[in-house]
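Take a look at the structure set out below.
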Amino acid sequence: MPISGTPSRAELLDHLVRTRIAGDVATPRENNLAHYRRLSNGDRGYWLGLELGDRWSDEQDVLAVMAERVGVHDDPEHRHGQDTIDPELTVAALERLAARLRKAADGRQRVLFATGHPGGLLDVHRATAAALGAAGCEIVVIPEGLRTDEGYVVQFADVAVLEHGATLWHTHSGEPMRAILTGLEREGRPLPDLVVADHGWAGRAGQYGVDSVGYADCNDPALFLAEAEGTVQVTVPLDDHVISPRHYDPMTAYLLDQAGLASA
């Protein structure tokens, strides 16, 4: 049954496992390891807008970070079958994210929201943007007319997304965020004080030197590596596209409550 209102920490942990946002997630072990290998082999499609150089060329180093920060199985011989996200790590990261949102609210900072996973996380970002806007933050409006090779960069419900063929588009690319940040500079407007995002949107913002926080799945290691290096401030581990976007509502409620923004 759905949780109404703001869950307790224990209720949220239980909810994350029941909905497979964390715990035994749907992403199989072989998919995770394949992505770690491609990142370590230098495939920029898995770098999520970051510049990792040759610092993560050992797949086992990537696995070690993912075991520590996400809770995937740390045994390199576990090659197939079930993999996991530790719900305790998810909630702990949400609490760190809440602290950064509180700082943004206290300082009435300029905040940009973006998602490469509109089918799963759009409403998480929208609700967070609404709460920060009500608290006095400036929600950054992106320049018009931006596009990348994949499509147009637009803003929907205060969240930047990629639009292609009249459809909101799933993307791992950092190019849409690059287009926004360079577009703001071209117009003589200040960069955001904070970017709240996922995928390459979060990675490219952090690489650009902007405070960046976001969400990432267990098969998207780049943002967790960036957090370990300090390029991204917070990365929340979760399955970023579960069966219903409404399953994220209790998580969002907990996040905003922890940030003191639930009634903002």
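So you can find residues: chains in the structure tokens are A, B, ... in the order shown, residues in each start at 1, and ligands are numbered from 1 in order.
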
message: Need the shell around stretch 93-107 of chain A: protein/DNA/RNA residues with any atom at most 12 Å away, counting only C-alpha atoms. Skip same-chain ones fewer than 6 positions apart. Format as a PyMOL selection string?
response: chain A and resi 9+12-13+69-70+86-87+128-139+192-197+211-216+224+227+232-238+250-262+264

message: If we count only C-alpha atoms and set the cut-off at 8 Å, which residues sit around stretch 50-65 of chain A, ignoring sequence neighbours fewer than 2 positions away in its own chain? Please answer as a VMD selection string.
response: chain A and resid 33 36 to 37 39 to 42 47 to 48 67 to 70 74 76 174 200 203 to 204 206 to 207 221 to 222 224 to 226 228

Test item, strand (DSSP E or B) assignment across stretch 166-220 of chain A, answer as a ChimeraX atom specification: /A:167-169,194-198,212-216

Create the file for the chosen residues now, containing N, CA, C and O atoms and written as a PDB file, in the first residue's frame.
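Writing the result to out-v7.pdb gives the following:
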ATOM      1  N   THR A 167       8.775  14.140 -27.830  1.00  0.00           N
ATOM      2  CA  THR A 167       8.830  13.198 -26.719  1.00  0.00           C
ATOM      3  C   THR A 167       9.971  13.587 -25.784  1.00  0.00           C
ATOM      4  O   THR A 167      11.050  13.957 -26.245  1.00  0.00           O
ATOM      5  N   LEU A 168       9.728  13.509 -24.483  1.00  0.00           N
ATOM      6  CA  LEU A 168      10.808  13.710 -23.526  1.00  0.00           C
ATOM      7  C   LEU A 168      11.731  12.505 -23.601  1.00  0.00           C
ATOM      8  O   LEU A 168      11.298  11.364 -23.556  1.00  0.00           O
ATOM      9  N   TRP A 169      13.029  12.758 -23.679  1.00  0.00           N
ATOM     10  CA  TRP A 169      13.993  11.765 -24.121  1.00  0.00           C
ATOM     11  C   TRP A 169      14.899  11.322 -22.980  1.00  0.00           C
ATOM     12  O   TRP A 169      15.406  12.131 -22.210  1.00  0.00           O
ATOM     13  N   LEU A 194      23.705  25.783  -7.615  1.00  0.00           N
ATOM     14  CA  LEU A 194      23.519  24.351  -7.388  1.00  0.00           C
ATOM     15  C   LEU A 194      22.765  23.753  -8.557  1.00  0.00           C
ATOM     16  O   LEU A 194      21.800  24.346  -9.053  1.00  0.00           O
ATOM     17  N   VAL A 195      23.191  22.579  -8.981  1.00  0.00           N
ATOM     18  CA  VAL A 195      22.458  21.776  -9.956  1.00  0.00           C
ATOM     19  C   VAL A 195      21.977  20.509  -9.255  1.00  0.00           C
ATOM     20  O   VAL A 195      22.766  19.820  -8.604  1.00  0.00           O
ATOM     21  N   VAL A 196      20.683  20.213  -9.391  1.00  0.00           N
ATOM     22  CA  VAL A 196      20.092  18.980  -8.873  1.00  0.00           C
ATOM     23  C   VAL A 196      19.647  18.189 -10.093  1.00  0.00           C
ATOM     24  O   VAL A 196      18.767  18.635 -10.835  1.00  0.00           O
ATOM     25  N   ALA A 197      20.248  17.016 -10.308  1.00  0.00           N
ATOM     26  CA  ALA A 197      20.035  16.350 -11.592  1.00  0.00           C
ATOM     27  C   ALA A 197      20.338  14.859 -11.479  1.00  0.00           C
ATOM     28  O   ALA A 197      20.292  14.268 -10.400  1.00  0.00           O
ATOM     29  N   ASP A 198      20.661  14.262 -12.606  1.00  0.00           N
ATOM     30  CA  ASP A 198      21.040  12.857 -12.705  1.00  0.00           C
ATOM     31  C   ASP A 198      21.793  12.680 -14.022  1.00  0.00           C
ATOM     32  O   ASP A 198      21.937  13.635 -14.787  1.00  0.00           O
ATOM     33  N   SER A 212      27.064  20.211  -7.683  1.00  0.00           N
ATOM     34  CA  SER A 212      26.156  19.287  -8.343  1.00  0.00           C
ATOM     35  C   SER A 212      25.817  18.133  -7.417  1.00  0.00           C
ATOM     36  O   SER A 212      26.691  17.565  -6.757  1.00  0.00           O
ATOM     37  N   VAL A 213      24.531  17.814  -7.362  1.00  0.00           N
ATOM     38  CA  VAL A 213      24.039  16.668  -6.593  1.00  0.00           C
ATOM     39  C   VAL A 213      23.056  15.914  -7.471  1.00  0.00           C
ATOM     40  O   VAL A 213      22.489  16.479  -8.407  1.00  0.00           O
ATOM     41  N   GLY A 214      22.843  14.622  -7.175  1.00  0.00           N
ATOM     42  CA  GLY A 214      21.903  13.914  -8.028  1.00  0.00           C
ATOM     43  C   GLY A 214      21.706  12.472  -7.647  1.00  0.00           C
ATOM     44  O   GLY A 214      22.119  12.013  -6.579  1.00  0.00           O
ATOM     45  N   TYR A 215      21.079  11.768  -8.557  1.00  0.00           N
ATOM     46  CA  TYR A 215      20.666  10.384  -8.367  1.00  0.00           C
ATOM     47  C   TYR A 215      21.331   9.521  -9.426  1.00  0.00           C
ATOM     48  O   TYR A 215      21.540   9.960 -10.562  1.00  0.00           O
ATOM     49  N   ALA A 216      21.631   8.262  -9.061  1.00  0.00           N
ATOM     50  CA  ALA A 216      22.224   7.354 -10.042  1.00  0.00           C
ATOM     51  C   ALA A 216      21.907   5.910  -9.689  1.00  0.00           C
ATOM     52  O   ALA A 216      21.786   5.545  -8.515  1.00  0.00           O
TER      53      ALA A 216
END

task: Considering only C-alpha atoms, state which residue in the set A:Glu30, A:Glu175, A:Glu88, A:Asp43 is at the smallest distance from A:His73.
output: A:Glu30

task: List the neighbours of A:His172 out to 8 Å using only C-alpha atoms; skip same-chain residues closer than 5 positions along the sequence, and give me the result as number ranges by chain.
output: A: 45-46, 48, 116, 199-201

task: Tell me, in Å to one decimal, how far atom CA of A:Asp24 is from atom CA of A:Thr84.
output: 4.8 Å

Stretch 54-223 of chain A: residues DSSP assigns to alpha helix (DSSP H), reported as a ChimeraX atom specification: /A:59-69,87-106,118-134,175-186,199-207,222-223
